[in-house]
file target.csv (CSV, C-alpha atoms)
chain,number,residue,atom,x,y,z
A,42,MET,CA,108.4,-95.0,-104.5
A,43,SER,CA,107.4,-97.3,-101.6
A,44,TRP,CA,108.0,-96.4,-98.0
A,45,TYR,CA,106.8,-99.8,-96.7
A,46,LEU,CA,108.5,-103.2,-96.9
A,47,ASP,CA,106.8,-105.7,-99.1
A,48,PRO,CA,106.8,-108.5,-98.2
A,49,PRO,CA,107.1,-107.7,-94.5
A,50,PRO,CA,110.1,-109.3,-92.8
A,51,ASP,CA,110.2,-112.3,-90.5
A,52,VAL,CA,110.3,-110.3,-87.3
A,53,ALA,CA,111.2,-113.1,-85.0
A,54,ALA,CA,114.1,-114.3,-87.2
A,55,HIS,CA,115.3,-110.8,-87.6
A,56,ASN,CA,115.3,-110.0,-83.9
A,57,ARG,CA,117.1,-113.3,-83.1
A,58,ALA,CA,119.9,-112.4,-85.6
A,59,VAL,CA,120.2,-108.9,-84.2
A,60,ALA,CA,120.5,-110.1,-80.7
A,61,ALA,CA,123.3,-112.5,-81.8
A,62,VAL,CA,125.2,-109.7,-83.6
A,63,TRP,CA,125.1,-107.4,-80.6
A,64,ALA,CA,126.0,-110.2,-78.1
A,65,ALA,CA,129.1,-111.0,-80.1
A,66,TYR,CA,130.0,-107.4,-80.5
A,67,HIS,CA,129.7,-106.6,-76.7
A,68,ALA,CA,131.6,-109.8,-75.9
A,69,GLY,CA,134.6,-108.5,-77.9
A,70,HIS,CA,134.3,-111.2,-80.6
A,71,PRO,CA,132.1,-109.6,-83.3
A,72,THR,CA,130.9,-111.8,-86.2
A,73,ARG,CA,130.2,-108.7,-88.4
A,74,VAL,CA,129.9,-105.0,-88.1
A,75,PRO,CA,126.6,-103.9,-86.5
A,76,VAL,CA,124.5,-101.5,-88.5
A,77,VAL,CA,122.4,-98.8,-86.7
A,78,ILE,CA,120.3,-96.3,-88.8
A,79,HIS,CA,119.4,-93.2,-86.7
A,80,GLY,CA,116.7,-90.9,-88.0
A,81,SER,CA,115.1,-88.1,-86.1
A,82,ILE,CA,111.4,-87.2,-86.3
A,83,ARG,CA,112.2,-85.2,-89.4
A,84,ASN,CA,111.9,-88.4,-91.3
A,85,LEU,CA,108.2,-88.5,-90.6
A,86,ILE,CA,107.3,-84.8,-90.4
A,87,GLN,CA,109.1,-83.8,-93.6
A,88,ASN,CA,108.0,-86.8,-95.7
A,89,PRO,CA,104.5,-86.1,-97.0
A,90,ALA,CA,104.1,-89.8,-98.0
A,91,LEU,CA,104.6,-90.9,-94.4
A,92,ASN,CA,103.2,-88.0,-92.4
A,93,HIS,CA,99.5,-88.8,-92.1
A,94,THR,CA,99.2,-86.9,-88.8
A,95,GLY,CA,98.6,-83.5,-90.4
A,96,TYR,CA,101.2,-81.9,-88.0
A,97,THR,CA,104.1,-79.7,-89.0
A,98,PHE,CA,107.3,-78.9,-87.1
A,99,ALA,CA,105.6,-75.7,-85.8
A,100,ASP,CA,102.9,-77.9,-84.3
A,101,PHE,CA,105.5,-80.3,-82.9
A,102,PHE,CA,107.2,-77.5,-81.0
A,103,THR,CA,104.0,-75.9,-79.6
A,104,ASP,CA,101.5,-78.7,-79.1
A,105,PRO,CA,102.3,-81.8,-76.9
A,106,GLU,CA,99.5,-83.8,-78.6
A,107,ALA,CA,101.4,-83.3,-81.9
A,108,GLN,CA,104.6,-84.7,-80.3
A,109,ILE,CA,102.7,-87.7,-79.0
A,110,GLN,CA,101.0,-88.5,-82.3
A,111,CYS,CA,104.2,-87.9,-84.4
A,112,GLN,CA,106.4,-89.9,-82.2
A,113,LEU,CA,104.0,-92.9,-82.1
A,114,ALA,CA,103.5,-92.7,-85.9
A,115,TYR,CA,107.3,-92.6,-86.5
A,116,GLN,CA,108.1,-95.4,-84.1
A,117,ARG,CA,105.4,-97.7,-85.6
A,118,TRP,CA,106.8,-97.0,-89.1
A,119,TYR,CA,110.5,-97.6,-88.4
A,120,ARG,CA,109.9,-100.6,-86.2
A,121,SER,CA,108.1,-102.2,-89.2
A,122,ASN,CA,110.1,-101.0,-92.2
A,123,LEU,CA,113.6,-99.8,-91.4
A,124,LEU,CA,116.0,-102.7,-91.6
A,125,CYS,CA,119.1,-102.5,-89.5
A,126,ASP,CA,120.5,-104.1,-86.3
A,127,ARG,CA,117.6,-103.0,-84.1
A,128,ASP,CA,114.5,-105.0,-83.1
A,129,LEU,CA,111.4,-104.9,-85.3
A,130,GLY,CA,107.8,-105.1,-84.1
A,131,PRO,CA,106.1,-103.5,-81.2
A,132,PRO,CA,108.4,-102.9,-78.2
A,133,ALA,CA,108.0,-105.5,-75.4
A,134,ASP,CA,107.6,-102.9,-72.6
A,135,GLY,CA,105.7,-100.3,-74.5
A,136,TRP,CA,106.1,-97.2,-76.8
A,137,GLN,CA,108.4,-94.7,-75.1
A,138,LEU,CA,107.7,-91.0,-75.5
A,139,ALA,CA,110.1,-88.1,-74.9
A,140,VAL,CA,109.9,-84.4,-74.8
A,141,ASP,CA,111.7,-83.4,-78.0
A,142,PHE,CA,112.9,-79.9,-78.9
A,143,GLN,CA,115.6,-81.2,-81.3
A,144,ASN,CA,118.8,-79.2,-80.9
A,145,SER,CA,117.2,-76.1,-79.5
A,146,TYR,CA,116.9,-77.1,-75.9
A,147,ASP,CA,120.3,-75.6,-74.7
A,148,ALA,CA,120.0,-72.1,-76.2
A,149,GLY,CA,116.3,-72.1,-75.6
A,150,TRP,CA,116.8,-72.7,-71.9
A,151,PHE,CA,119.1,-69.7,-71.8
A,152,GLY,CA,116.2,-67.6,-73.2
A,153,ALA,CA,116.9,-67.6,-76.9
A,154,PRO,CA,113.5,-67.3,-78.7
A,155,LEU,CA,112.5,-70.0,-81.2
A,156,ARG,CA,112.1,-69.2,-84.9
A,157,THR,CA,109.4,-71.4,-86.4
A,158,ASP,CA,108.7,-71.6,-90.1
A,159,GLY,CA,106.0,-74.1,-90.9
A,160,ASN,CA,107.6,-77.4,-91.6
A,161,ALA,CA,111.3,-76.4,-91.2
A,162,VAL,CA,113.0,-77.6,-88.1
A,163,PRO,CA,112.7,-74.7,-85.6
A,164,ASP,CA,115.9,-73.1,-84.4
A,165,THR,CA,116.8,-70.4,-81.9
A,166,LEU,CA,117.8,-66.7,-82.5
A,167,GLU,CA,121.0,-65.2,-81.2
A,168,ILE,CA,120.1,-63.0,-78.2
A,169,LEU,CA,123.7,-61.6,-77.8
A,170,LYS,CA,124.4,-61.1,-81.5
A,171,ASP,CA,123.8,-57.3,-81.6
A,172,ASN,CA,124.4,-56.5,-77.9
A,173,LYS,CA,127.1,-58.7,-76.4
A,174,GLU,CA,127.1,-56.8,-73.1
A,175,ARG,CA,123.6,-58.2,-72.5
A,176,LEU,CA,125.4,-61.2,-71.2
A,177,TYR,CA,126.1,-59.4,-67.9
A,178,ASP,CA,122.4,-58.9,-67.3
A,179,LEU,CA,121.4,-62.5,-67.9
A,180,GLU,CA,120.2,-64.4,-64.8
A,181,PRO,CA,121.0,-68.1,-64.4
A,182,PRO,CA,117.9,-69.8,-65.7
A,183,ASP,CA,115.7,-72.0,-63.5
A,184,PRO,CA,116.6,-75.7,-64.3
A,185,LEU,CA,112.9,-76.7,-64.6
A,186,ARG,CA,111.2,-73.5,-65.8
A,187,GLY,CA,113.9,-71.4,-67.4
A,188,GLY,CA,113.2,-70.4,-71.0
A,189,LEU,CA,112.2,-73.3,-73.2
A,190,MET,CA,112.4,-75.7,-70.2
A,191,GLY,CA,109.1,-74.2,-68.9
A,192,ARG,CA,107.4,-75.4,-72.0
A,193,ALA,CA,109.2,-78.8,-71.7
A,194,LEU,CA,107.7,-79.2,-68.2
A,195,GLU,CA,104.2,-78.5,-69.5
A,196,PHE,CA,104.7,-81.1,-72.3
A,197,PHE,CA,106.0,-83.6,-69.7
A,198,ASP,CA,102.9,-83.2,-67.5
A,199,TYR,CA,100.6,-83.4,-70.4
A,200,MET,CA,102.2,-86.6,-71.7
A,201,HIS,CA,102.0,-88.2,-68.3
A,202,ALA,CA,98.3,-87.5,-68.0
A,203,ARG,CA,97.6,-88.5,-71.6
A,204,CYS,CA,99.5,-91.8,-71.6
A,205,ALA,CA,97.1,-93.3,-69.1
A,206,GLN,CA,94.5,-93.2,-71.9
A,207,LEU,CA,96.7,-94.7,-74.7
A,208,GLU,CA,97.5,-98.1,-76.1
A,209,VAL,CA,99.0,-98.9,-79.5
A,210,ASP,CA,99.1,-102.4,-81.0
A,211,GLY,CA,98.4,-104.0,-77.7
A,212,ARG,CA,101.3,-102.1,-75.9
A,213,PRO,CA,101.1,-99.3,-73.4
A,214,VAL,CA,102.4,-95.8,-74.3
A,215,LEU,CA,105.0,-94.8,-71.7
A,216,PRO,CA,105.4,-91.2,-70.6
A,217,PRO,CA,108.8,-89.4,-70.7
A,218,LEU,CA,111.3,-90.4,-68.1
A,219,SER,CA,112.9,-86.9,-67.8
A,220,LEU,CA,113.2,-83.5,-69.5
A,221,PRO,CA,115.6,-82.6,-72.3
A,222,GLY,CA,118.7,-81.2,-70.6
A,223,GLU,CA,120.2,-84.0,-68.5
A,224,GLY,CA,122.8,-83.9,-71.2
A,225,THR,CA,124.1,-81.2,-73.5
A,226,ASP,CA,124.9,-80.4,-77.1
A,227,GLY,CA,128.0,-78.7,-75.7
A,228,PRO,CA,129.1,-75.4,-74.2
A,229,LEU,CA,130.7,-74.0,-77.3
A,230,ASP,CA,127.6,-75.0,-79.3
A,231,ALA,CA,125.3,-73.2,-76.8
A,232,ALA,CA,127.6,-70.1,-76.7
A,233,TYR,CA,127.6,-69.7,-80.5
A,234,LYS,CA,123.8,-70.1,-80.6
A,235,LEU,CA,123.5,-67.2,-78.1
A,236,ARG,CA,126.2,-65.0,-79.6
A,237,GLY,CA,126.5,-66.0,-83.3
A,238,ALA,CA,129.2,-68.2,-84.9
A,239,ALA,CA,131.2,-65.4,-86.5
A,240,GLU,CA,130.8,-63.1,-83.5
A,241,LEU,CA,132.0,-65.8,-81.1
A,242,CYS,CA,135.0,-66.6,-83.1
A,243,THR,CA,135.9,-62.9,-83.4
A,244,ASP,CA,135.5,-62.6,-79.6
A,245,MET,CA,137.9,-65.4,-79.1
A,246,LEU,CA,140.6,-63.5,-81.0
A,247,VAL,CA,140.0,-59.9,-80.2
A,248,ASP,CA,138.1,-60.0,-76.9
A,249,PRO,CA,139.2,-63.2,-75.1
A,250,GLN,CA,138.0,-62.0,-71.7
A,251,TYR,CA,134.4,-61.7,-73.0
A,252,PHE,CA,134.7,-65.1,-74.7
A,253,HIS,CA,135.7,-66.7,-71.4
A,254,ASP,CA,133.0,-64.8,-69.5
A,255,LEU,CA,130.4,-66.2,-71.9
A,256,MET,CA,131.8,-69.8,-71.9
A,257,SER,CA,132.1,-69.8,-68.1
A,258,PHE,CA,128.5,-68.6,-67.8
A,259,VAL,CA,127.2,-71.2,-70.2
A,260,THR,CA,129.3,-74.1,-68.8
A,261,ASP,CA,128.6,-73.4,-65.2
A,262,ASN,CA,124.9,-73.2,-65.8
A,263,LEU,CA,124.8,-76.3,-68.0
A,264,ILE,CA,126.4,-78.3,-65.2
A,265,ARG,CA,124.0,-76.8,-62.6
A,266,ARG,CA,121.0,-77.7,-64.9
A,267,MET,CA,122.2,-81.2,-65.6
A,268,ARG,CA,122.7,-81.9,-61.9
A,269,ALA,CA,119.3,-80.4,-61.0
A,270,LEU,CA,117.4,-82.4,-63.6
A,271,ARG,CA,119.0,-85.6,-62.5
A,272,GLN,CA,118.1,-84.9,-58.9
A,273,TRP,CA,114.5,-84.1,-60.0
A,274,ARG,CA,114.2,-87.4,-61.9
A,275,TRP,CA,115.6,-89.4,-59.0
A,276,GLU,CA,113.0,-87.8,-56.7
A,277,ARG,CA,110.3,-88.9,-59.1
A,278,HIS,CA,111.8,-92.4,-59.7
A,279,PRO,CA,113.6,-93.5,-56.5
A,280,GLU,CA,114.1,-96.9,-58.1
A,281,ALA,CA,116.3,-95.4,-60.9
A,282,ALA,CA,119.5,-97.5,-61.3
A,283,ASP,CA,121.7,-94.4,-61.5
A,284,ARG,CA,120.2,-92.7,-58.4
A,285,GLY,CA,122.7,-90.5,-56.7
A,286,GLN,CA,125.4,-91.0,-59.3
A,287,PHE,CA,126.3,-87.6,-60.7
A,288,ARG,CA,129.7,-89.0,-61.8
A,289,ARG,CA,129.3,-92.3,-63.6
A,290,PRO,CA,130.8,-94.5,-66.2
A,291,GLY,CA,130.2,-93.9,-69.9
A,292,PHE,CA,129.4,-90.2,-69.7
A,293,GLY,CA,129.0,-88.6,-73.2
A,294,PHE,CA,128.3,-85.2,-74.7
A,295,ALA,CA,128.6,-83.3,-78.0
A,296,ASP,CA,130.0,-80.0,-79.3
A,297,ASP,CA,129.6,-79.7,-83.0
A,298,ALA,CA,130.8,-76.1,-83.0
A,299,MET,CA,134.4,-77.3,-82.5
A,300,VAL,CA,134.8,-77.7,-86.2
A,301,LEU,CA,135.0,-73.9,-86.4
A,302,LEU,CA,138.4,-74.0,-84.7
A,303,SER,CA,141.9,-75.3,-85.2
A,304,VAL,CA,143.3,-77.9,-82.8
A,305,PRO,CA,145.5,-75.3,-80.9
A,306,GLN,CA,142.5,-72.9,-80.6
A,307,TYR,CA,140.4,-75.8,-79.2
A,308,GLU,CA,143.1,-76.8,-76.7
A,309,GLU,CA,143.5,-73.2,-75.5
A,310,PHE,CA,140.0,-71.9,-75.5
A,311,VAL,CA,137.5,-74.8,-75.2
A,312,LEU,CA,139.2,-77.8,-73.7
A,313,PRO,CA,139.1,-76.3,-70.2
A,314,TYR,CA,135.3,-76.1,-70.4
A,315,HIS,CA,135.0,-79.6,-71.7
A,316,ARG,CA,137.2,-80.7,-68.8
A,317,ARG,CA,134.7,-79.1,-66.4
A,318,LEU,CA,131.9,-81.1,-67.8
A,319,VAL,CA,133.8,-84.3,-67.7
A,320,GLU,CA,135.0,-83.8,-64.2
A,321,ALA,CA,131.4,-83.1,-63.1
A,322,PHE,CA,129.8,-86.1,-64.7
A,323,SER,CA,132.4,-88.8,-65.5
A,324,ASP,CA,133.8,-91.3,-63.0
A,325,GLY,CA,137.2,-90.8,-64.6
A,326,GLY,CA,136.9,-93.7,-67.1
A,327,ARG,CA,136.4,-93.7,-70.8
A,328,ILE,CA,133.6,-91.5,-72.2
A,329,SER,CA,131.9,-91.0,-75.6
A,330,MET,CA,131.4,-87.9,-77.8
A,331,HIS,CA,129.3,-87.0,-80.8
A,332,LEU,CA,130.8,-84.7,-83.3
A,333,CYS,CA,129.3,-83.7,-86.7
A,334,GLY,CA,131.4,-82.0,-89.3
A,335,ASP,CA,135.0,-82.7,-90.2
A,336,ALA,CA,136.2,-83.1,-86.6
A,337,ALA,CA,138.7,-86.0,-87.1
A,338,ARG,CA,141.7,-83.7,-86.4
A,339,PHE,CA,140.5,-83.4,-82.7
A,340,PHE,CA,140.1,-87.1,-82.0
A,341,PRO,CA,143.6,-88.0,-80.8
A,342,LEU,CA,143.7,-85.0,-78.4
A,343,LEU,CA,140.2,-85.8,-77.1
A,344,ARG,CA,141.3,-89.4,-76.5
A,345,ASP,CA,144.5,-88.4,-74.7
A,346,ARG,CA,143.2,-85.5,-72.7
A,347,LEU,CA,139.5,-86.4,-72.0
A,348,GLN,CA,139.5,-90.2,-72.2
A,349,VAL,CA,137.1,-90.2,-75.2
A,350,TYR,CA,137.2,-93.7,-76.5
A,351,SER,CA,134.0,-93.7,-78.5
A,352,PHE,CA,133.4,-91.3,-81.3
A,353,ASP,CA,130.0,-90.8,-83.1
A,354,THR,CA,130.8,-89.2,-86.4
A,355,GLY,CA,128.4,-87.3,-88.7
A,356,PHE,CA,130.6,-86.5,-91.6
A,357,PRO,CA,132.4,-88.5,-94.3
A,358,VAL,CA,135.6,-88.8,-92.4
A,359,ASP,CA,138.4,-91.1,-93.4
A,360,LEU,CA,137.6,-94.0,-91.1
A,361,GLY,CA,140.6,-96.1,-92.1
A,362,GLN,CA,143.0,-93.2,-91.3
A,363,LEU,CA,141.1,-92.6,-88.0
A,364,ARG,CA,141.6,-96.3,-87.0
A,365,ARG,CA,145.3,-95.9,-87.7
A,366,ASP,CA,145.5,-92.7,-85.7
A,367,LEU,CA,143.5,-93.9,-82.8
A,368,GLY,CA,144.3,-97.6,-82.5
A,369,PRO,CA,142.1,-100.7,-82.1
A,370,GLU,CA,140.6,-99.9,-78.7
A,371,VAL,CA,138.6,-96.8,-79.8
A,372,GLN,CA,135.0,-97.3,-80.8
A,373,LEU,CA,134.1,-95.6,-84.1
A,374,PHE,CA,130.6,-95.0,-85.5
A,375,GLY,CA,130.5,-93.9,-89.1
A,376,GLY,CA,129.3,-94.8,-92.6
A,377,PRO,CA,128.4,-93.6,-96.1
A,378,GLU,CA,127.7,-90.0,-96.8
A,379,VAL,CA,124.1,-89.0,-96.0
A,380,MET,CA,123.4,-87.7,-99.5
A,381,LEU,CA,124.8,-90.9,-101.1
A,382,LEU,CA,122.3,-92.8,-99.1
A,383,LYS,CA,119.5,-90.5,-100.2
A,384,GLU,CA,120.4,-90.1,-103.8
A,385,GLY,CA,122.0,-93.5,-104.5
A,386,PRO,CA,122.1,-95.5,-106.7
A,387,PRO,CA,122.3,-98.7,-104.7
A,388,GLY,CA,125.4,-99.8,-106.6
A,389,ALA,CA,127.3,-96.8,-105.5
A,390,ILE,CA,126.1,-97.3,-101.9
A,391,ARG,CA,127.3,-100.9,-102.0
A,392,ALA,CA,130.7,-99.8,-103.4
A,393,ARG,CA,131.1,-97.2,-100.7
A,394,VAL,CA,130.3,-99.7,-97.9
A,395,GLU,CA,132.9,-102.1,-99.4
A,396,HIS,CA,135.5,-99.4,-99.5
A,397,ILE,CA,134.9,-98.5,-95.8
A,398,CYS,CA,135.1,-102.1,-94.7
A,399,ARG,CA,138.4,-102.6,-96.6
A,400,SER,CA,139.9,-99.3,-95.2
A,401,GLY,CA,141.2,-100.9,-92.0
A,402,VAL,CA,138.5,-99.4,-89.7
A,403,MET,CA,137.4,-103.0,-88.7
A,404,GLU,CA,140.7,-103.7,-87.0
A,405,GLY,CA,140.0,-104.4,-83.4
A,406,GLY,CA,136.3,-105.1,-83.8
A,407,ARG,CA,135.2,-101.7,-82.5
A,408,PHE,CA,133.4,-100.3,-85.5
A,409,VAL,CA,129.6,-99.7,-85.9
A,410,PHE,CA,128.0,-98.6,-89.2
A,411,ILE,CA,125.6,-95.7,-89.0
A,412,ALA,CA,123.7,-93.8,-91.7
A,413,ALA,CA,125.8,-90.6,-91.4
A,414,ASN,CA,124.3,-90.0,-87.9
A,415,ASN,CA,121.0,-88.7,-88.9
A,416,LEU,CA,119.0,-90.1,-91.9
A,417,ALA,CA,117.9,-87.5,-94.4
A,418,PRO,CA,114.1,-87.2,-94.9
A,419,GLN,CA,112.8,-89.1,-97.9
A,420,THR,CA,115.7,-91.5,-98.1
A,421,PRO,CA,114.4,-94.4,-100.1
A,422,LEU,CA,114.0,-97.7,-98.3
A,423,ALA,CA,115.7,-99.4,-101.3
A,424,HIS,CA,118.8,-97.5,-100.6
A,425,LEU,CA,118.8,-98.4,-96.9
A,426,ASP,CA,118.3,-102.0,-97.8
A,427,ALA,CA,121.3,-101.8,-100.1
A,428,PHE,CA,123.3,-100.3,-97.3
A,429,TYR,CA,122.3,-103.0,-94.8
A,430,ALA,CA,122.9,-105.8,-97.3
A,431,ALA,CA,126.3,-104.6,-98.2
A,432,ALA,CA,127.3,-104.2,-94.6
A,433,ARG,CA,126.3,-107.7,-93.9
A,434,GLU,CA,128.3,-108.9,-96.9
A,435,PHE,CA,131.5,-106.9,-96.5
A,436,GLY,CA,131.5,-106.3,-92.8
A,437,ARG,CA,132.1,-109.9,-91.7
A,438,TYR,CA,135.0,-110.8,-89.5
A,439,PRO,CA,137.0,-114.0,-90.0
A,440,ALA,CA,135.6,-117.0,-88.1

call {"tool": "encode", "arguments": {"input": "target.csv", "output": "structure tokens"}}
result
Amino acid sequence: MSWYLDPPPDVAAHNRAVAAVWAAYHAGHPTRVPVVIHGSIRNLIQNPALNHTGYTFADFFTDPEAQIQCQLAYQRWYRSNLLCDRDLGPPADGWQLAVDFQNSYDAGWFGAPLRTDGNAVPDTLEILKDNKERLYDLEPPDPLRGGLMGRALEFFDYMHARCAQLEVDGRPVLPPLSLPGEGTDGPLDAAYKLRGAAELCTDMLVDPQYFHDLMSFVTDNLIRRMRALRQWRWERHPEAADRGQFRRPGFGFADDAMVLLSVPQYEEFVLPYHRRLVEAFSDGGRISMHLCGDAARFFPLLRDRLQVYSFDTGFPVDLGQLRRDLGPEVQLFGGPEVMLLKEGPPGAIRARVEHICRSGVMEGGRFVFIAANNLAPQTPLAHLDAFYAAAREFGRYPA
């Protein structure tokens, strides 16, 4: 199986076409549905055919040089071989690095220790699982040095020093702009990673006072950290375009743990904490939200109560029904099931793309194809090519 395009694409022609697709989409007159294939660093580290760095995920979380080399190797690969509506070739301004602790940065900041197991993606351990009362002894973490953030700051400083020595394909390597934590994976998500999913849901029903104490502690501290990290970045980059804007347009966040709840439970127990986040960081306009899992039942409420008008899905939801439920103004990101893209065959992928395009989701021109939010490691390029070709064929709007 090949992981490299042969023959290589015409980069200039591809990039011109991509620019035209996005220009039409953002102008409100799309010519076809754009296609974005997201894939985390897992697609390098967990693919032996691509990972020539010798690093594992355990290295990636403990060694800043491992993060640098893996990020550069992955960017070079996908900018040469992964066809979608994104530019190919070396980036004009340079290769951008980031401090990356995947989805562990929230709970890790609160002091949850990391569990590393070779080449599996590290995750945090629940520090309140066996002793819930420990919550009342927890101190608010330092925004820059609390828990895992202390390691993030060390990585940040290392990368800034190291980038001065690096150049790849004639382009500079750019150091991180900030630390992980200016955003959040969500207060409920952080709370269950501290307490445990079953335990948190039980608390909600049998000890609601404790549930609200934990959610208040998590939410208040997340807001404090997000504000502090933005202020820290602005001090380092006084030319930043968003300087001084804690509340701004287009705020977005996630909270995948919502799928554990019913809509009434969400409205009673979690919505007030989401509203705190939105009031702290949104200018009052429309915002975006990422939700993995079968979360479609929450979307109308989120639109009406929080002004969420862009949903990034990570589950095979019924996109046509969502369009009918939400109307033409809401932006939807979605696509074929992640394992269909991995396992194929190409004909089945093509049929699934056609079905999605004919479902009604394209009404209003506010739909973007994605590869189930996060590409599975070792997904064949031939399957992604079939996805992109089918989207270009069936995702066209009338002239």

call {"tool": "residues_around", "arguments": {"input": "target.csv", "residues": "A:Gly135", "least_positions_apart": "5", "cutoff": "10 Å", "atoms": "all atoms listed in the file", "output": "PDB file with C-alpha atoms, in the coordinates of the input"}}
result
ATOM      1  CA  GLU A 208      97.500 -98.100 -76.100  1.00  0.00           C
ATOM      2  CA  VAL A 209      99.000 -98.900 -79.500  1.00  0.00           C
ATOM      3  CA  ASP A 210      99.100-102.400 -81.000  1.00  0.00           C
ATOM      4  CA  GLY A 211      98.400-104.000 -77.700  1.00  0.00           C
ATOM      5  CA  ARG A 212     101.300-102.100 -75.900  1.00  0.00           C
ATOM      6  CA  PRO A 213     101.100 -99.300 -73.400  1.00  0.00           C
ATOM      7  CA  VAL A 214     102.400 -95.800 -74.300  1.00  0.00           C
ATOM      8  CA  LEU A 215     105.000 -94.800 -71.700  1.00  0.00           C
ATOM      9  CA  PRO A 216     105.400 -91.200 -70.600  1.00  0.00           C
TER      10      PRO A 216
END

call {"tool": "residues_around", "arguments": {"input": "target.csv", "residues": "A:Arg265", "least_positions_apart": "5", "cutoff": "9 Å", "atoms": "only C-alpha atoms", "output": "PyMOL selection string"}}
result
chain A and resi 184+260+270

call {"tool": "write_last_selection", "arguments": {"input": "target.csv", "atoms": "C-alpha atoms", "output": "compact mmCIF listing (two decimals), keeping the file's coordinate frame"}}
result
# COMPACT_ATOMS: atom_id res chain seq x y z
CA PRO A 184 116.60 -75.70 -64.30
CA THR A 260 129.30 -74.10 -68.80
CA LEU A 270 117.40 -82.40 -63.60

call {"tool": "residues_around", "arguments": {"input": "target.csv", "residues": "stretch 173-182 of chain A", "least_positions_apart": "3", "cutoff": "7 Å", "atoms": "only C-alpha atoms", "output": "PyMOL selection string"}}
result
chain A and resi 150-151+169-170+187+262

call {"tool": "atom_distance", "arguments": {"input": "target.csv", "atom1": "atom CA of A:Asn172", "atom2": "atom CA of A:Arg236"}}
result
8.9 Å

call {"tool": "residues_around", "arguments": {"input": "target.csv", "residues": "A:Val358", "least_positions_apart": "2", "cutoff": "7 Å", "atoms": "only C-alpha atoms", "output": "MDAnalysis selection string"}}
result
chainID A and resid 335 337 356 360

call {"tool": "write_last_selection", "arguments": {"input": "target.csv", "atoms": "C-alpha atoms", "output": "CSV table (one decimal), keeping the file's coordinate frame"}}
result
chain,number,residue,atom,x,y,z
A,335,ASP,CA,135.0,-82.7,-90.2
A,337,ALA,CA,138.7,-86.0,-87.1
A,356,PHE,CA,130.6,-86.5,-91.6
A,360,LEU,CA,137.6,-94.0,-91.1

call {"tool": "atom_distance", "arguments": {"input": "target.csv", "atom1": "atom CA of A:Asp254", "atom2": "atom CA of A:Tyr233"}}
result
13.2 Å

call {"tool": "closest_residue", "arguments": {"input": "target.csv", "among": "A:Ala64, A:Leu422, A:Leu363, A:Val77", "to": "A:Met403", "atoms": "all atoms listed in the file"}}
result
A:Leu363

call {"tool": "closest_residue", "arguments": {"input": "target.csv", "among": "A:Val140, A:Ile411, A:Met299, A:Ala281", "to": "A:Pro221", "atoms": "only C-alpha atoms"}}
result
A:Val140

call {"tool": "decode", "arguments": {"input": "target.csv", "residues": "stretch 352-384 of chain A", "atoms": "C-alpha atoms", "output": "mmCIF file, in the first residue's frame"}}
result
data_model
loop_
_atom_site.group_PDB
_atom_site.id
_atom_site.type_symbol
_atom_site.label_atom_id
_atom_site.label_comp_id
_atom_site.auth_asym_id
_atom_site.auth_seq_id
_atom_site.Cartn_x
_atom_site.Cartn_y
_atom_site.Cartn_z
ATOM 1 C CA PHE A 352 -21.396 22.637 14.348
ATOM 2 C CA ASP A 353 -18.365 20.420 13.837
ATOM 3 C CA THR A 354 -19.587 16.816 14.039
ATOM 4 C CA GLY A 355 -17.499 13.736 14.661
ATOM 5 C CA PHE A 356 -20.114 11.027 14.328
ATOM 6 C CA PRO A 357 -22.294 9.663 11.482
ATOM 7 C CA VAL A 358 -25.254 11.918 12.250
ATOM 8 C CA ASP A 359 -28.173 12.325 9.849
ATOM 9 C CA LEU A 360 -26.955 15.474 8.113
ATOM 10 C CA GLY A 361 -30.087 15.883 5.996
ATOM 11 C CA GLN A 362 -32.318 15.773 9.071
ATOM 12 C CA LEU A 363 -30.015 18.223 10.845
ATOM 13 C CA ARG A 364 -30.408 20.658 7.974
ATOM 14 C CA ARG A 365 -34.175 20.381 8.202
ATOM 15 C CA ASP A 366 -34.064 20.846 11.982
ATOM 16 C CA LEU A 367 -31.620 23.771 11.991
ATOM 17 C CA GLY A 368 -32.405 25.644 8.782
ATOM 18 C CA PRO A 369 -30.157 26.932 6.001
ATOM 19 C CA GLU A 370 -28.146 29.477 8.031
ATOM 20 C CA VAL A 371 -26.368 26.992 10.304
ATOM 21 C CA GLN A 372 -22.934 25.797 9.144
ATOM 22 C CA LEU A 373 -22.469 22.045 9.361
ATOM 23 C CA PHE A 374 -19.239 20.080 9.137
ATOM 24 C CA GLY A 375 -19.700 16.352 8.580
ATOM 25 C CA GLY A 376 -18.986 13.438 6.326
ATOM 26 C CA PRO A 377 -18.594 9.683 5.882
ATOM 27 C CA GLU A 378 -18.000 7.424 8.849
ATOM 28 C CA VAL A 379 -14.363 7.273 9.932
ATOM 29 C CA MET A 380 -14.122 3.486 9.588
ATOM 30 C CA LEU A 381 -15.764 3.525 6.152
ATOM 31 C CA LEU A 382 -12.975 5.844 5.027
ATOM 32 C CA LYS A 383 -10.399 3.511 6.519
ATOM 33 C CA GLU A 384 -11.822 0.165 5.426
#
